[in-house]
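> The following file, upload.cif, comprises mmCIF, C-alpha atoms:
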data_target
loop_
_atom_site.label_atom_id
_atom_site.label_comp_id
_atom_site.auth_asym_id
_atom_site.auth_seq_id
_atom_site.Cartn_x
_atom_site.Cartn_y
_atom_site.Cartn_z
CA HIS B 1 34.35 -7.54 -0.75
CA SER B 2 32.95 -10.25 1.48
CA ARG B 3 34.07 -12.94 3.87
CA GLY B 4 32.43 -16.08 5.19
CA GLU B 5 32.81 -19.51 6.68
CA ALA B 6 32.04 -22.91 5.15
CA ARG B 7 31.41 -25.99 7.29
CA LEU B 8 30.69 -29.63 6.49
CA MET B 9 27.73 -30.78 8.56
CA GLN B 10 26.08 -34.14 9.18
CA THR B 11 22.44 -34.16 8.11
CA ASP B 12 19.75 -36.78 8.28
CA ALA B 13 17.98 -37.99 5.18
CA ALA B 14 14.84 -35.94 5.86
CA SER B 15 16.76 -32.66 5.94
CA THR B 16 18.20 -33.27 2.48
CA VAL B 17 14.78 -33.41 0.78
CA PRO B 18 13.94 -29.91 -0.56
CA PRO B 19 10.60 -28.55 0.70
CA LEU B 20 7.87 -27.78 -1.82
CA ILE B 21 5.79 -24.64 -2.20
CA ASN B 22 2.07 -24.42 -2.85
CA VAL B 23 1.77 -21.01 -4.45
CA GLY B 24 -2.01 -20.73 -4.27
CA GLU B 25 -2.06 -21.72 -0.60
CA VAL B 26 0.64 -19.17 0.27
CA ILE B 27 -1.30 -16.36 -1.41
CA ILE B 28 -4.68 -17.29 0.09
CA SER B 29 -3.53 -18.16 3.62
CA GLY B 30 -1.46 -14.98 3.78
CA ASN B 31 -4.30 -12.76 2.52
CA MET B 32 -1.86 -11.38 -0.02
CA LEU B 33 -2.71 -8.65 -2.49
CA GLN B 34 -1.32 -8.51 -6.01
CA ARG B 35 1.02 -5.58 -6.60
CA ASP B 36 1.72 -3.55 -9.72
CA VAL B 37 5.20 -4.68 -10.82
CA SER B 38 5.65 -1.92 -13.40
CA GLN B 39 4.88 0.66 -10.71
CA LEU B 40 7.53 -0.84 -8.42
CA TYR B 41 10.18 -0.55 -11.14
CA GLU B 42 9.08 3.05 -11.76
CA LEU B 43 9.59 3.80 -8.05
CA LEU B 44 13.06 2.23 -8.17
CA THR B 45 13.90 4.38 -11.20
CA LEU B 46 12.76 7.50 -9.34
CA ASN B 47 15.17 6.48 -6.59
CA GLU B 48 18.11 6.27 -9.02
CA LEU B 49 18.06 2.46 -9.38
CA HIS B 50 17.79 1.96 -13.13
CA TYR B 51 17.11 -1.59 -14.31
CA GLY B 52 17.30 -2.43 -17.99
CA PRO B 53 15.11 -5.05 -19.72
CA SER B 54 17.48 -7.94 -18.86
CA PHE B 55 17.21 -7.19 -15.14
CA ARG B 56 13.47 -6.44 -14.98
CA CYS B 57 12.70 -10.09 -14.44
CA MET B 58 9.91 -9.90 -11.88
CA GLN B 59 6.64 -10.65 -13.67
CA GLU B 60 4.12 -10.86 -10.81
CA LEU B 61 4.16 -9.93 -7.13
CA TRP B 62 1.87 -10.61 -4.17
CA SER B 63 2.45 -9.42 -0.62
CA ASN B 64 1.08 -8.59 2.81
CA ASP B 65 2.75 -6.63 5.63
CA ARG B 66 5.31 -9.33 6.47
CA GLU B 67 5.69 -11.55 3.41
CA ALA B 68 6.03 -11.30 -0.37
CA LEU B 69 5.85 -13.79 -3.23
CA GLY B 70 7.22 -13.01 -6.67
CA ARG B 71 7.25 -14.82 -10.00
CA ILE B 72 10.62 -14.30 -11.66
CA SER B 73 11.39 -15.06 -15.32
CA LEU B 74 14.56 -14.35 -17.25
CA HIS B 75 14.28 -11.97 -20.17
CA THR B 76 14.15 -13.79 -23.51
CA SER B 77 17.55 -12.34 -24.46
CA GLU B 78 19.17 -14.06 -21.46
CA ARG B 79 17.51 -17.48 -21.54
CA ASP B 80 20.15 -18.95 -23.84
CA ASN B 81 22.83 -17.83 -21.36
CA SER B 82 21.21 -19.36 -18.28
CA SER B 83 23.40 -22.49 -18.47
CA ALA B 84 26.64 -20.51 -18.49
CA PHE B 85 26.62 -19.86 -14.73
CA PHE B 86 27.61 -22.31 -12.01
CA VAL B 87 24.65 -21.87 -9.64
CA GLY B 88 22.15 -19.65 -11.42
CA HIS B 89 21.89 -16.63 -13.68
CA PRO B 90 22.85 -13.46 -11.72
CA ALA B 91 19.93 -11.50 -13.20
CA LEU B 92 17.57 -14.16 -11.83
CA LEU B 93 19.11 -13.90 -8.35
CA ASP B 94 19.08 -10.11 -8.46
CA ALA B 95 15.42 -9.98 -9.50
CA CYS B 96 14.47 -12.26 -6.61
CA LEU B 97 15.58 -9.48 -4.27
CA HIS B 98 13.18 -7.13 -6.08
CA SER B 99 10.38 -9.07 -4.37
CA ILE B 100 11.40 -7.30 -1.16
CA GLY B 101 9.75 -4.22 -2.65
CA GLY B 102 6.41 -5.81 -1.82
CA ILE B 103 6.97 -5.40 1.93
CA ILE B 104 8.49 -1.91 1.92
CA GLU B 105 6.27 0.91 3.10
CA GLY B 106 5.34 3.75 0.80
CA GLN B 107 2.42 5.36 -0.95
CA PRO B 108 1.40 4.43 -4.53
CA ASP B 109 2.74 7.77 -5.81
CA GLY B 110 6.18 7.03 -4.32
CA THR B 111 5.79 9.19 -1.21
CA ASN B 112 7.92 7.88 1.66
CA PHE B 113 9.27 5.06 -0.52
CA SER B 114 12.98 4.31 -0.17
CA PRO B 115 14.66 1.21 -1.57
CA PHE B 116 16.74 -1.05 0.67
CA LEU B 117 20.09 -2.43 -0.48
CA PRO B 118 21.65 -5.70 0.78
CA VAL B 119 24.81 -5.39 2.88
CA ARG B 120 25.14 -8.68 4.82
CA VAL B 121 23.82 -12.22 4.98
CA LEU B 122 24.21 -14.60 7.91
CA SER B 123 24.06 -17.82 5.88
CA PHE B 124 22.72 -19.39 2.71
CA ARG B 125 21.94 -22.90 1.54
CA CYS B 126 21.97 -24.19 -2.01
CA TRP B 127 19.65 -27.19 -2.20
CA SER B 128 20.22 -27.68 -5.91
CA SER B 129 22.04 -25.90 -8.68
CA PHE B 130 19.57 -24.08 -10.90
CA THR B 131 21.91 -23.67 -13.85
CA GLY B 132 19.71 -23.43 -16.92
CA CYS B 133 16.66 -22.46 -14.87
CA SER B 134 14.78 -19.46 -16.27
CA ASP B 135 11.65 -19.31 -14.10
CA VAL B 136 11.39 -19.35 -10.29
CA TRP B 137 9.15 -18.33 -7.43
CA CYS B 138 10.70 -16.15 -4.73
CA ARG B 139 9.28 -16.01 -1.20
CA VAL B 140 10.43 -13.30 1.23
CA PHE B 141 9.80 -13.26 4.99
CA SER B 142 10.31 -10.11 7.03
CA LYS B 143 12.00 -10.93 10.38
CA PHE B 144 13.07 -7.54 11.73
CA ARG B 145 12.55 -3.93 10.79
CA ASP B 146 13.41 -0.50 12.08
CA SER B 147 13.74 2.94 10.51
CA LYS B 148 17.05 2.11 8.78
CA THR B 149 17.25 -1.65 8.24
CA ARG B 150 15.32 -4.76 7.30
CA THR B 151 16.24 -8.38 8.00
CA VAL B 152 14.60 -10.99 5.78
CA ASP B 153 14.73 -14.64 4.79
CA VAL B 154 14.60 -15.33 1.05
CA ALA B 155 13.69 -18.66 -0.58
CA LEU B 156 13.82 -19.54 -4.29
CA TYR B 157 11.65 -22.33 -5.69
CA SER B 158 11.58 -23.94 -9.13
CA ARG B 159 8.50 -22.82 -11.04
CA ASP B 160 8.26 -26.23 -12.71
CA THR B 161 8.83 -28.64 -9.79
CA ARG B 162 7.92 -26.23 -6.90
CA MET B 163 11.01 -27.52 -5.06
CA LEU B 164 13.21 -25.26 -2.94
CA LEU B 165 16.43 -24.40 -4.77
CA PHE B 166 18.23 -21.77 -2.73
CA GLU B 167 17.69 -19.79 0.47
CA PHE B 168 19.22 -16.85 2.32
CA HIS B 169 18.94 -16.59 6.11
CA ASP B 170 19.03 -13.22 7.86
CA LEU B 171 19.74 -11.08 4.82
CA VAL B 172 20.26 -7.53 6.12
CA LEU B 173 19.30 -4.54 4.00
CA VAL B 174 19.93 -0.86 4.67
CA ARG B 175 17.63 1.97 3.59
CA GLN B 176 19.04 4.06 0.77
CA THR B 177 18.29 7.60 1.90
CA PRO B 178 18.25 10.76 -0.26
CA ARG B 179 21.45 11.80 1.51
CA GLN B 180 23.18 8.63 0.34
CA ARG B 181 21.95 9.07 -3.23
CA GLU B 182 23.55 12.52 -3.33
CA ARG B 183 26.93 11.11 -2.34
CA ASN B 184 29.41 9.64 -4.79
CA ALA B 185 29.34 6.00 -5.83
CA ASP B 186 31.87 4.96 -3.15
CA GLY B 187 29.33 5.71 -0.45
CA LEU B 188 26.21 4.60 -2.27
CA LEU B 189 25.80 1.03 -1.04
CA TYR B 190 26.55 1.47 2.62
CA GLY B 191 27.47 4.26 4.98
CA VAL B 192 28.20 4.84 8.64
CA PHE B 193 26.53 7.90 10.12
CA TRP B 194 27.61 9.29 13.47
CA ASP B 195 25.28 10.93 15.99
CA PRO B 196 26.88 13.48 18.34
CA VAL B 197 26.83 12.65 22.06
CA ASP B 198 27.92 15.35 24.49
CA SER B 199 29.25 13.43 27.50
CA PRO B 200 31.41 15.04 30.24
CA GLU B 201 32.90 11.62 30.99
CA VAL B 202 34.03 11.17 27.39
CA ARG B 203 35.47 14.67 27.19
CA ALA B 204 37.44 14.12 30.39
CA ALA B 205 38.80 10.81 29.14
CA VAL B 206 40.09 12.26 25.85
CA SER B 207 41.18 15.69 27.04
CA ASP B 208 44.89 14.82 26.69
CA VAL B 209 44.63 12.61 23.62
CA ARG B 210 46.70 13.80 20.65
CA VAL B 211 45.73 12.57 17.19
CA VAL B 212 46.23 13.45 13.54
CA ILE B 213 43.13 13.02 11.34
CA VAL B 214 43.74 12.20 7.67
CA SER B 215 40.54 12.43 5.67
CA GLU B 216 39.02 13.18 2.30
CA GLN B 217 36.99 16.35 1.94
CA GLN B 218 33.67 14.48 1.83
CA HIS B 219 34.16 13.54 5.52
CA SER B 220 34.82 17.11 6.68
CA ARG B 221 31.76 17.23 8.96
CA LEU B 222 32.92 14.15 10.84
CA CYS B 223 36.41 15.63 11.15
CA GLU B 224 34.94 18.82 12.59
CA ALA B 225 32.99 16.80 15.16
CA ILE B 226 36.10 14.84 16.19
CA SER B 227 38.19 18.02 16.38
CA ASP B 228 35.57 19.57 18.62
CA LEU B 229 35.74 16.56 20.92
CA LEU B 230 39.56 16.29 20.89
CA PRO B 231 41.17 19.65 21.62
CA HIS B 232 44.61 18.42 20.50
CA ALA B 233 43.48 16.97 17.17
CA SER B 234 45.05 18.10 13.91
CA THR B 235 43.27 17.56 10.58
CA VAL B 236 45.08 16.91 7.28
#
Can you give me the file's structure in the form of structure tokens?


Amino acid sequence: HSRGEARLMQTDAASTVPPLINVGEVIISGNMLQRDVSQLYELLTLNELHYGPSFRCMQELWSNDREALGRISLHTSERDNSSAFFVGHPALLDACLHSIGGIIEGQPDGTNFSPFLPVRVLSFRCWSSFTGCSDVWCRVFSKFRDSKTRTVDVALYSRDTRMLLFEFHDLVLVRQTPRQRERNADGLLYGVFWDPVDSPEVRAAVSDVRVVIVSEQQHSRLCEAISDLLPHASTV
């Protein structure tokens, strides 16, 4: 599920003109290296993300440490369907996020590589509907990173006109760890993991708290931790 807010805003004429992209300049000025797209999809498969032919739309990828540029083209079997969607073909949008793989750490053999899955976006702007569009450029900027998350901006440009079509601002992605992959599908996309903190102040504050914990078996470790903290807790 998701929730958001839509606002009508006054804009000047200049801000309604979509920016253009110069692909060659982006690659050269960013000292980008071309990546092996087939190898990236192999790494995703090894990490239990299986993309069929219709969703393997990334054709070329360049990147440096902070930025990636991908050429995305719909599979031939989906090109006739590209006009059936209001904004753009979902496979095209999904493949644009594959460009993020160009700025994720990892060795060529897959060592230390973990995919990141999107969980939140601050805002987006649709400059123009790209219904019927089958080929785009996708540019990804890394804004924040730590051991568990990445925050990026994503911009989609028409391959024909080079005009900006769509952009995400502050798209947050969470690392998919081996522990998450071993869990069932309900916990695959996003999870909350608790770190124990032994604080005398907290124990004193909850010493007389009485609670009943209702939980599924998969959360038994968390229940044990809460029961240890709350002496009057009962688990169901």

> List the spatial neighbours of B:Phe55 as a ChimeraX atom specification - criterion: any atom at most 8 Å away, all atoms listed in the file, same-chain residues fewer than 3 positions off excluded.

/B:51-52,74-75,91-92,94-95

> Go ahead and write the selection's residues with C-alpha atoms as a short mmCIF file (atom, residue, chain, number, x, y, z; two decimals), in the coordinates of the input.


data_model
loop_
_atom_site.label_atom_id
_atom_site.label_comp_id
_atom_site.auth_asym_id
_atom_site.auth_seq_id
_atom_site.Cartn_x
_atom_site.Cartn_y
_atom_site.Cartn_z
CA TYR B 51 17.11 -1.59 -14.31
CA GLY B 52 17.30 -2.43 -17.99
CA LEU B 74 14.56 -14.35 -17.25
CA HIS B 75 14.28 -11.97 -20.17
CA ALA B 91 19.93 -11.50 -13.20
CA LEU B 92 17.57 -14.16 -11.83
CA ASP B 94 19.08 -10.11 -8.46
CA ALA B 95 15.42 -9.98 -9.50
#

> Applying the PyMOL selection byres ((chain B and resi 162) around 9) to the file I just gave you, which residues come out? Please list them as a list in words.

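With the shown file as input, the PyMOL selection byres ((chain B and resi 162) around 9) matches Pro19, Leu20, Ile21, Asn22, Val23, Val136, Trp137, Tyr157, Ser158, Arg159, Asp160, Thr161, Met163, Leu164 and Leu165 of chain B.
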
> Would you please work out which residue, of B:Pro53, B:Gly101, B:Leu33, B:Val214, is nearest to B:Val140 when using only C-alpha atoms?

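Residue with the minimum atom-to-atom distance to B:Val140: B:Gly101.
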
> Nearest residue to B:Phe113 out of B:Asp228, B:Asp135, B:Glu42, B:Glu25, using all atoms listed in the file?

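Smallest distance to B:Phe113 is found for B:Glu42.
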
> Residue by residue, what does the PyMOL selection byres ((chain B and resi 36) around 10) grab here? Present the result as a PDB file with C-alpha atoms, in the coordinates of the input.


ATOM      1  CA  LEU B  33      -2.710  -8.650  -2.490  1.00  0.00           C
ATOM      2  CA  GLN B  34      -1.320  -8.510  -6.010  1.00  0.00           C
ATOM      3  CA  ARG B  35       1.020  -5.580  -6.600  1.00  0.00           C
ATOM      4  CA  VAL B  37       5.200  -4.680 -10.820  1.00  0.00           C
ATOM      5  CA  SER B  38       5.650  -1.920 -13.400  1.00  0.00           C
ATOM      6  CA  GLN B  39       4.880   0.660 -10.710  1.00  0.00           C
ATOM      7  CA  LEU B  40       7.530  -0.840  -8.420  1.00  0.00           C
ATOM      8  CA  TYR B  41      10.180  -0.550 -11.140  1.00  0.00           C
ATOM      9  CA  GLN B  59       6.640 -10.650 -13.670  1.00  0.00           C
ATOM     10  CA  GLU B  60       4.120 -10.860 -10.810  1.00  0.00           C
ATOM     11  CA  LEU B  61       4.160  -9.930  -7.130  1.00  0.00           C
ATOM     12  CA  TRP B  62       1.870 -10.610  -4.170  1.00  0.00           C
ATOM     13  CA  GLY B 102       6.410  -5.810  -1.820  1.00  0.00           C
ATOM     14  CA  PRO B 108       1.400   4.430  -4.530  1.00  0.00           C
TER      15      PRO B 108
END
